[in-house]
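Visitor: My structure file data_38.txt, compact mmCIF, N, CA and C atoms and all ligand atoms, is below:
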# COMPACT_ATOMS: atom_id res chain seq x y z
N MET A 1 79.60 111.46 110.86
CA MET A 1 79.13 110.72 109.68
C MET A 1 79.60 111.43 108.40
N ALA A 2 80.13 110.65 107.51
CA ALA A 2 80.65 111.23 106.28
C ALA A 2 79.53 111.62 105.34
N THR A 3 79.70 112.74 104.71
CA THR A 3 78.73 113.16 103.70
C THR A 3 79.42 113.26 102.35
N TYR A 4 78.66 113.04 101.31
CA TYR A 4 79.23 113.09 99.97
C TYR A 4 78.47 114.11 99.14
N SER A 5 79.20 114.93 98.45
CA SER A 5 78.55 115.95 97.62
C SER A 5 77.91 115.31 96.41
N ALA A 6 76.92 115.99 95.85
CA ALA A 6 76.22 115.47 94.67
C ALA A 6 77.19 115.28 93.51
N ALA A 7 78.19 116.14 93.44
CA ALA A 7 79.15 116.05 92.34
C ALA A 7 79.96 114.76 92.43
N VAL A 8 80.34 114.39 93.66
CA VAL A 8 81.11 113.17 93.86
C VAL A 8 80.26 111.95 93.48
N LEU A 9 78.99 111.96 93.91
CA LEU A 9 78.10 110.84 93.61
C LEU A 9 77.85 110.74 92.11
N ASP A 10 77.68 111.90 91.45
CA ASP A 10 77.48 111.90 90.01
C ASP A 10 78.71 111.35 89.30
N ASP A 11 79.88 111.71 89.80
CA ASP A 11 81.12 111.27 89.19
C ASP A 11 81.25 109.75 89.28
N ILE A 12 80.86 109.19 90.42
CA ILE A 12 80.92 107.74 90.60
C ILE A 12 79.90 107.07 89.69
N ARG A 13 78.68 107.63 89.66
CA ARG A 13 77.63 107.07 88.80
C ARG A 13 78.08 107.07 87.34
N ALA A 14 78.73 108.18 86.93
CA ALA A 14 79.16 108.30 85.54
C ALA A 14 80.24 107.29 85.20
N GLY A 15 80.99 106.87 86.21
CA GLY A 15 82.09 105.94 85.97
C GLY A 15 81.68 104.48 86.01
N VAL A 16 80.44 104.21 86.38
CA VAL A 16 79.97 102.83 86.51
C VAL A 16 78.79 102.60 85.58
N ASP A 17 78.89 101.58 84.74
CA ASP A 17 77.76 101.17 83.92
C ASP A 17 76.89 100.25 84.76
N ILE A 18 75.64 100.67 84.99
CA ILE A 18 74.80 99.91 85.93
C ILE A 18 74.53 98.49 85.42
N VAL A 19 74.47 98.30 84.10
CA VAL A 19 74.25 96.96 83.55
C VAL A 19 75.48 96.08 83.82
N ASP A 20 76.67 96.64 83.63
CA ASP A 20 77.90 95.91 83.93
C ASP A 20 78.00 95.62 85.42
N PHE A 21 77.52 96.57 86.20
CA PHE A 21 77.64 96.45 87.64
C PHE A 21 76.72 95.37 88.20
N ILE A 22 75.47 95.34 87.71
CA ILE A 22 74.49 94.37 88.22
C ILE A 22 74.66 93.02 87.53
N GLY A 23 75.25 93.04 86.33
CA GLY A 23 75.43 91.83 85.54
C GLY A 23 75.94 90.61 86.29
N PRO A 24 76.99 90.74 87.12
CA PRO A 24 77.50 89.58 87.85
C PRO A 24 76.50 88.99 88.85
N PHE A 25 75.54 89.78 89.30
CA PHE A 25 74.57 89.32 90.30
C PHE A 25 73.28 88.81 89.66
N VAL A 26 72.92 89.41 88.54
CA VAL A 26 71.64 89.10 87.90
C VAL A 26 71.89 88.77 86.43
N ASN A 27 71.30 87.69 85.96
CA ASN A 27 71.41 87.34 84.56
C ASN A 27 70.48 88.23 83.76
N LEU A 28 71.03 89.32 83.22
CA LEU A 28 70.21 90.33 82.54
C LEU A 28 70.10 90.06 81.05
N ARG A 29 68.88 90.28 80.53
CA ARG A 29 68.66 90.19 79.09
C ARG A 29 68.13 91.53 78.62
N LYS A 30 68.57 91.92 77.41
CA LYS A 30 68.12 93.21 76.89
C LYS A 30 66.63 93.12 76.52
N ALA A 31 65.88 94.11 76.97
CA ALA A 31 64.45 94.19 76.67
C ALA A 31 64.13 95.61 76.26
N GLY A 32 64.26 95.89 74.96
CA GLY A 32 64.07 97.26 74.48
C GLY A 32 65.17 98.16 74.99
N ALA A 33 64.77 99.26 75.61
CA ALA A 33 65.75 100.21 76.14
C ALA A 33 66.28 99.74 77.49
N ASN A 34 65.59 98.79 78.11
CA ASN A 34 65.96 98.31 79.43
C ASN A 34 66.59 96.92 79.37
N TRP A 35 67.05 96.48 80.52
CA TRP A 35 67.53 95.12 80.69
C TRP A 35 66.68 94.50 81.79
N LYS A 36 66.35 93.23 81.66
CA LYS A 36 65.58 92.63 82.73
C LYS A 36 66.10 91.24 83.09
N GLY A 37 65.79 90.85 84.31
CA GLY A 37 66.26 89.56 84.80
C GLY A 37 65.50 89.18 86.05
N LEU A 38 65.91 88.03 86.63
CA LEU A 38 65.26 87.58 87.86
C LEU A 38 65.76 88.40 89.03
N CYS A 39 64.85 88.91 89.82
CA CYS A 39 65.20 89.77 90.94
C CYS A 39 66.04 89.01 91.97
N PRO A 40 67.18 89.60 92.38
CA PRO A 40 68.01 88.94 93.39
C PRO A 40 67.49 89.15 94.81
N PHE A 41 66.46 89.98 94.95
CA PHE A 41 65.99 90.34 96.29
C PHE A 41 64.70 89.64 96.69
N HIS A 42 64.08 88.93 95.78
CA HIS A 42 62.94 88.09 96.16
C HIS A 42 62.88 86.93 95.17
N GLY A 43 62.30 85.81 95.59
CA GLY A 43 62.24 84.64 94.73
C GLY A 43 61.19 84.81 93.64
N GLU A 44 61.60 84.60 92.39
CA GLU A 44 60.63 84.72 91.30
C GLU A 44 61.07 83.87 90.13
N LYS A 45 60.11 83.49 89.30
CA LYS A 45 60.42 82.65 88.15
C LYS A 45 60.30 83.39 86.83
N THR A 46 59.54 84.48 86.84
CA THR A 46 59.46 85.33 85.64
C THR A 46 60.11 86.67 85.94
N PRO A 47 61.03 87.11 85.07
CA PRO A 47 61.80 88.33 85.35
C PRO A 47 60.92 89.58 85.50
N SER A 48 61.02 90.23 86.62
CA SER A 48 60.35 91.52 86.79
C SER A 48 61.32 92.56 87.32
N PHE A 49 62.60 92.21 87.26
CA PHE A 49 63.66 93.11 87.72
C PHE A 49 64.19 93.85 86.49
N MET A 50 63.98 95.16 86.45
CA MET A 50 64.36 95.95 85.28
C MET A 50 65.53 96.88 85.60
N VAL A 51 66.43 97.01 84.63
CA VAL A 51 67.54 97.96 84.76
C VAL A 51 67.46 98.93 83.60
N ASN A 52 67.50 100.21 83.93
CA ASN A 52 67.46 101.26 82.91
C ASN A 52 68.84 101.92 82.84
N PRO A 53 69.65 101.52 81.83
CA PRO A 53 71.02 102.05 81.76
C PRO A 53 71.06 103.55 81.49
N LYS A 54 70.04 104.07 80.81
CA LYS A 54 70.03 105.49 80.49
C LYS A 54 69.90 106.33 81.76
N LYS A 55 69.01 105.91 82.64
CA LYS A 55 68.82 106.63 83.89
C LYS A 55 69.76 106.13 84.99
N GLY A 56 70.37 104.97 84.79
CA GLY A 56 71.26 104.42 85.80
C GLY A 56 70.53 103.91 87.03
N ILE A 57 69.32 103.38 86.80
CA ILE A 57 68.52 102.91 87.92
C ILE A 57 68.01 101.50 87.67
N PHE A 58 67.59 100.83 88.75
CA PHE A 58 66.95 99.52 88.63
C PHE A 58 65.62 99.58 89.36
N HIS A 59 64.72 98.69 88.99
CA HIS A 59 63.43 98.62 89.67
C HIS A 59 62.86 97.22 89.52
N CYS A 60 62.34 96.69 90.62
CA CYS A 60 61.70 95.39 90.56
C CYS A 60 60.19 95.58 90.70
N PHE A 61 59.46 95.10 89.68
CA PHE A 61 58.00 95.24 89.73
C PHE A 61 57.38 94.15 90.61
N GLY A 62 58.19 93.16 91.01
CA GLY A 62 57.67 92.10 91.85
C GLY A 62 57.64 92.49 93.32
N CYS A 63 58.76 92.99 93.84
CA CYS A 63 58.83 93.32 95.26
C CYS A 63 58.93 94.82 95.50
N GLY A 64 59.07 95.60 94.43
CA GLY A 64 59.01 97.04 94.56
C GLY A 64 60.31 97.73 94.91
N VAL A 65 61.43 96.98 95.01
CA VAL A 65 62.70 97.65 95.31
C VAL A 65 63.18 98.40 94.08
N GLY A 66 63.97 99.42 94.31
CA GLY A 66 64.51 100.19 93.20
C GLY A 66 65.53 101.17 93.70
N GLY A 67 66.30 101.71 92.78
CA GLY A 67 67.30 102.70 93.16
C GLY A 67 68.39 102.78 92.11
N ASP A 68 69.53 103.34 92.51
CA ASP A 68 70.66 103.44 91.62
C ASP A 68 71.72 102.41 92.03
N ILE A 69 72.96 102.58 91.52
CA ILE A 69 74.02 101.62 91.84
C ILE A 69 74.29 101.55 93.33
N PHE A 70 74.15 102.70 94.01
CA PHE A 70 74.39 102.71 95.45
C PHE A 70 73.33 101.88 96.17
N GLY A 71 72.07 102.08 95.75
CA GLY A 71 70.97 101.34 96.35
C GLY A 71 71.09 99.85 96.12
N PHE A 72 71.57 99.48 94.93
CA PHE A 72 71.73 98.06 94.63
C PHE A 72 72.80 97.44 95.53
N LEU A 73 73.94 98.12 95.63
CA LEU A 73 75.04 97.59 96.45
C LEU A 73 74.65 97.53 97.92
N MET A 74 73.89 98.52 98.38
CA MET A 74 73.44 98.53 99.77
C MET A 74 72.60 97.30 100.07
N ARG A 75 71.70 96.95 99.14
CA ARG A 75 70.84 95.78 99.34
C ARG A 75 71.62 94.49 99.15
N GLN A 76 72.45 94.47 98.09
CA GLN A 76 73.17 93.25 97.75
C GLN A 76 74.17 92.87 98.85
N ASP A 77 74.97 93.81 99.29
CA ASP A 77 76.01 93.53 100.29
C ASP A 77 75.63 93.97 101.69
N ARG A 78 74.39 94.43 101.86
CA ARG A 78 73.90 94.90 103.16
C ARG A 78 74.83 95.98 103.73
N LEU A 79 75.07 97.00 102.92
CA LEU A 79 75.94 98.09 103.34
C LEU A 79 75.11 99.31 103.69
N SER A 80 75.70 100.20 104.48
CA SER A 80 75.09 101.51 104.70
C SER A 80 75.42 102.36 103.48
N PHE A 81 74.74 103.49 103.35
CA PHE A 81 74.98 104.34 102.18
C PHE A 81 76.45 104.77 102.07
N PRO A 82 77.07 105.30 103.15
CA PRO A 82 78.48 105.70 103.03
C PRO A 82 79.40 104.54 102.66
N GLU A 83 79.07 103.34 103.18
CA GLU A 83 79.90 102.17 102.84
C GLU A 83 79.78 101.83 101.35
N ALA A 84 78.56 101.93 100.83
CA ALA A 84 78.34 101.65 99.41
C ALA A 84 79.05 102.67 98.54
N VAL A 85 79.00 103.93 98.95
CA VAL A 85 79.68 104.99 98.20
C VAL A 85 81.19 104.74 98.19
N ARG A 86 81.71 104.39 99.36
CA ARG A 86 83.16 104.15 99.45
C ARG A 86 83.57 102.97 98.57
N ALA A 87 82.77 101.89 98.61
CA ALA A 87 83.10 100.71 97.81
C ALA A 87 83.06 101.02 96.32
N LEU A 88 82.07 101.81 95.92
CA LEU A 88 81.95 102.14 94.51
C LEU A 88 83.00 103.14 94.07
N ALA A 89 83.36 104.04 94.97
CA ALA A 89 84.40 105.02 94.64
C ALA A 89 85.71 104.31 94.36
N LYS A 90 85.92 103.19 95.05
CA LYS A 90 87.14 102.42 94.87
C LYS A 90 87.19 101.83 93.46
N THR A 91 86.07 101.24 93.03
CA THR A 91 86.05 100.59 91.71
C THR A 91 85.88 101.59 90.59
N ALA A 92 85.05 102.60 90.80
CA ALA A 92 84.74 103.53 89.70
C ALA A 92 85.63 104.75 89.70
N GLY A 93 85.82 105.35 90.86
CA GLY A 93 86.50 106.63 90.92
C GLY A 93 87.99 106.56 90.74
N SER A 94 88.62 105.52 91.28
CA SER A 94 90.08 105.49 91.29
C SER A 94 90.70 105.52 89.90
N PRO A 95 90.24 104.67 88.95
CA PRO A 95 90.88 104.71 87.63
C PRO A 95 90.76 106.07 86.97
N ARG A 96 89.59 106.72 87.14
CA ARG A 96 89.39 108.04 86.54
C ARG A 96 90.32 109.06 87.16
N ALA A 97 90.42 109.02 88.48
CA ALA A 97 91.29 109.95 89.18
C ALA A 97 92.74 109.72 88.76
N PHE A 98 93.08 108.45 88.58
CA PHE A 98 94.43 108.09 88.18
C PHE A 98 94.73 108.63 86.78
N MET A 99 93.78 108.52 85.87
CA MET A 99 93.95 109.03 84.52
C MET A 99 94.18 110.54 84.54
N ARG A 100 93.37 111.23 85.34
CA ARG A 100 93.48 112.68 85.40
C ARG A 100 94.86 113.09 85.88
N ARG A 101 95.35 112.37 86.89
CA ARG A 101 96.65 112.71 87.45
C ARG A 101 97.74 112.49 86.40
N ARG A 102 97.65 111.42 85.64
CA ARG A 102 98.63 111.13 84.60
C ARG A 102 98.61 112.22 83.53
N CYS A 103 97.41 112.63 83.14
CA CYS A 103 97.27 113.64 82.09
C CYS A 103 97.87 114.97 82.57
N GLY A 104 97.65 115.28 83.83
CA GLY A 104 98.12 116.55 84.37
C GLY A 104 99.63 116.63 84.40
N SER A 105 100.28 115.49 84.61
CA SER A 105 101.74 115.50 84.75
C SER A 105 102.43 115.33 83.40
N ARG A 106 101.64 115.14 82.35
CA ARG A 106 102.22 114.80 81.06
C ARG A 106 102.99 115.93 80.37
N PRO A 107 102.44 117.16 80.28
CA PRO A 107 103.12 118.20 79.49
C PRO A 107 104.58 118.40 79.87
N ALA A 108 104.89 118.39 81.15
CA ALA A 108 106.25 118.63 81.61
C ALA A 108 107.20 117.55 81.10
N SER A 109 106.80 116.28 81.21
CA SER A 109 107.66 115.17 80.79
C SER A 109 107.75 115.10 79.26
N ALA A 110 106.66 115.47 78.57
CA ALA A 110 106.64 115.40 77.11
C ALA A 110 107.60 116.43 76.52
N ARG A 111 107.65 117.62 77.16
CA ARG A 111 108.52 118.68 76.66
C ARG A 111 109.98 118.25 76.75
N GLY A 112 110.30 117.54 77.82
CA GLY A 112 111.68 117.12 78.03
C GLY A 112 112.14 116.06 77.04
N SER A 113 111.20 115.25 76.53
CA SER A 113 111.57 114.14 75.67
C SER A 113 111.55 114.52 74.18
N THR A 114 111.13 115.75 73.84
CA THR A 114 111.00 116.14 72.44
C THR A 114 112.33 116.09 71.70
N SER A 115 113.39 116.56 72.32
CA SER A 115 114.68 116.63 71.63
C SER A 115 115.21 115.24 71.32
N THR A 116 115.04 114.31 72.24
CA THR A 116 115.55 112.96 72.02
C THR A 116 114.75 112.25 70.94
N SER A 117 113.42 112.45 70.91
CA SER A 117 112.59 111.76 69.91
C SER A 117 112.85 112.35 68.53
N ALA A 118 113.11 113.67 68.44
CA ALA A 118 113.40 114.30 67.16
C ALA A 118 114.70 113.77 66.58
N ALA A 119 115.68 113.52 67.43
CA ALA A 119 116.96 112.99 66.98
C ALA A 119 116.80 111.57 66.46
N SER A 120 115.96 110.78 67.11
CA SER A 120 115.77 109.39 66.69
C SER A 120 115.00 109.32 65.37
N ILE A 121 114.13 110.30 65.11
CA ILE A 121 113.37 110.33 63.85
C ILE A 121 114.35 110.55 62.68
N ARG A 122 115.33 111.41 62.89
CA ARG A 122 116.28 111.73 61.83
C ARG A 122 117.07 110.49 61.43
N THR A 123 117.42 109.67 62.41
CA THR A 123 118.21 108.48 62.10
C THR A 123 117.33 107.36 61.56
N LEU A 124 116.05 107.36 61.92
CA LEU A 124 115.12 106.32 61.44
C LEU A 124 113.99 106.97 60.64
N PRO A 125 114.14 107.11 59.31
CA PRO A 125 113.13 107.80 58.49
C PRO A 125 111.77 107.09 58.53
N SER A 126 111.77 105.78 58.65
CA SER A 126 110.51 105.02 58.64
C SER A 126 109.66 105.32 59.87
N ALA A 127 110.30 105.76 60.95
CA ALA A 127 109.57 106.01 62.19
C ALA A 127 108.89 107.38 62.19
N SER A 128 109.26 108.25 61.24
CA SER A 128 108.73 109.62 61.26
C SER A 128 107.23 109.65 61.00
N ALA A 129 106.72 108.72 60.19
CA ALA A 129 105.29 108.70 59.88
C ALA A 129 104.47 108.48 61.14
N SER A 130 104.87 107.50 61.93
CA SER A 130 104.12 107.19 63.14
C SER A 130 104.36 108.24 64.22
N ALA A 131 105.51 108.91 64.15
CA ALA A 131 105.84 109.90 65.17
C ALA A 131 105.04 111.18 65.00
N GLN A 132 104.43 111.36 63.79
CA GLN A 132 103.65 112.57 63.55
C GLN A 132 102.32 112.54 64.30
N HIS A 133 101.89 111.35 64.70
CA HIS A 133 100.67 111.25 65.50
C HIS A 133 101.05 111.32 66.97
N PRO A 134 100.73 112.40 67.62
CA PRO A 134 101.11 112.52 69.04
C PRO A 134 100.18 111.67 69.92
N THR A 135 100.38 110.38 69.88
CA THR A 135 99.50 109.47 70.63
C THR A 135 99.40 109.79 72.11
N PRO A 136 100.53 110.05 72.78
CA PRO A 136 100.35 110.40 74.20
C PRO A 136 99.83 111.82 74.33
N GLY A 137 98.79 112.01 75.07
CA GLY A 137 98.25 113.36 75.28
C GLY A 137 96.95 113.58 74.55
N THR A 138 96.77 113.00 73.37
CA THR A 138 95.55 113.23 72.60
C THR A 138 94.33 112.67 73.32
N ASP A 139 94.48 111.52 73.96
CA ASP A 139 93.34 110.92 74.64
C ASP A 139 92.89 111.79 75.82
N CYS A 140 93.79 112.57 76.35
CA CYS A 140 93.44 113.44 77.48
C CYS A 140 92.55 114.59 77.02
N SER A 141 92.90 115.17 75.86
CA SER A 141 92.17 116.35 75.41
C SER A 141 90.81 115.97 74.84
N THR A 142 90.69 114.77 74.28
CA THR A 142 89.42 114.38 73.64
C THR A 142 88.41 113.88 74.66
N SER A 143 88.89 113.24 75.71
CA SER A 143 87.96 112.64 76.66
C SER A 143 87.40 113.67 77.62
ZN ZN B 201 62.11 91.78 93.51
Represent the structure from my file as structure tokens, please.

Guide:
Amino acid sequence: MATYSAAVLDDIRAGVDIVDFIGPFVNLRKAGANWKGLCPFHGEKTPSFMVNPKKGIFHCFGCGVGGDIFGFLMRQDRLSFPEAVRALAKTAGSPRAFMRRRCGSRPASARGSTSTSAASIRTLPSASASAQHPTPGTDCSTS
């Protein structure tokens, strides 16, 4: 049986907005710091299903279910915990991992292109203003 470290689970949780995640399943309305809607796990006419984006958890006061994004997906799609983690890692983890890989490989390629970009700036004076902002790479260091 596969096990997942707390760091991996935290990373997935951090990459998924629980309101965005539950939104397609439940018509959520903002209610103060929380979001609420009709519970997808039991029939109800008045919303008692609450989502707390700050804590990344949901709770239904009608039927008592609650949990995080993993718990929601497990109930919604009837998955086991490892299956829910794997499904969420695909949607949440992959883009982040992809970004990191791109950022890591950037310095080497950027160094190689400096001479060619400097030559093009000399021939095109109008382009020098925009070239002073090193757009590629800055998003890596700030995020
Ligand atoms: Zn409920």

Visitor: One decimal, Å: what's the distance from CA of Lys45 in chain A over to CA of Gly64 in chain A, could you say?

Guide: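 Interatomic distance, CA of Lys45 in chain A to CA of Gly64 in chain A: 15.8 Å.
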
Visitor: List as a Markdown table every residue of chain A that is in contact with ligand ZN 201 (chain B), defined as an atom at most 6 Å from one of its atoms (using all atoms listed in the file), together with the nearest atom pair and the distance in Å rounded to one decimal, sorted by chain and then rising number.

Guide:
| residue | atom | partner | partner_atom | distance |
| --- | --- | --- | --- | --- |
| A:Cys39 | CA | B:ZN201 | ZN | 4.5 |
| A:Pro40 | N | B:ZN201 | ZN | 5.6 |
| A:Phe41 | C | B:ZN201 | ZN | 4.6 |
| A:His42 | N | B:ZN201 | ZN | 4.1 |
| A:Cys60 | CA | B:ZN201 | ZN | 4.7 |
| A:Phe61 | N | B:ZN201 | ZN | 5.7 |
| A:Gly62 | C | B:ZN201 | ZN | 4.5 |
| A:Cys63 | N | B:ZN201 | ZN | 3.6 |
| A:Gly64 | N | B:ZN201 | ZN | 5.0 |
| A:Val65 | N | B:ZN201 | ZN | 5.5 |

Visitor: What is the distance between CA of Arg13 in chain A and atom N of Val51 in chain A, in Å to one decimal?

Guide: 15.6 Å

Visitor: Would you mind listing what lies within 12 Å of Leu28 in chain A as a list in words, with only C-alpha atoms counted and same-chain residues fewer than 3 positions away left out?

Guide: Ile18, Val19, Asp20, Phe21, Ile22, Gly23, Pro24, Phe25, Ala31, Asn34, Trp35, Lys36, Gly37, Leu38, Cys39, Pro40, Pro47, Ser48, Phe49, Met50, Val51, Asn52, Pro53 and Phe58 of chain A

Visitor: For Ile57 in chain A, which residue among A:Ile69, A:Ala33, A:Asp11, A:Glu44 is the nearest when counting only N, CA and C atoms?

Guide: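 Looking only at the distances to Ile57 in chain A, the closest residue turns out to be A:Ile69.
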
Visitor: I'd like to know which of A:Ala87, A:Lys55, A:Val26, A:Thr46 is closest to Phe70 in chain A, using only C-alpha atoms.

Guide: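 Closest candidate: A:Ala87.
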
Visitor: I'd like the neighbourhood of Phe72 in chain A as a list in words, where a residue qualifies if any of its atoms comes within 8 Å (using only N, CA and C atoms), though same-chain residues fewer than 5 positions away should be ignored.

Guide: Ile22, Phe58, Gly66, Gly67, Asp77, Arg78, Leu79 and Ala84 of chain A

Visitor: What does the distance between CA of Gly32 in chain A and CA of Leu73 in chain A come to in Å, to one decimal place?

Guide: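 We find that CA of Gly32 in chain A and CA of Leu73 in chain A lie 24.6 Å from each other.
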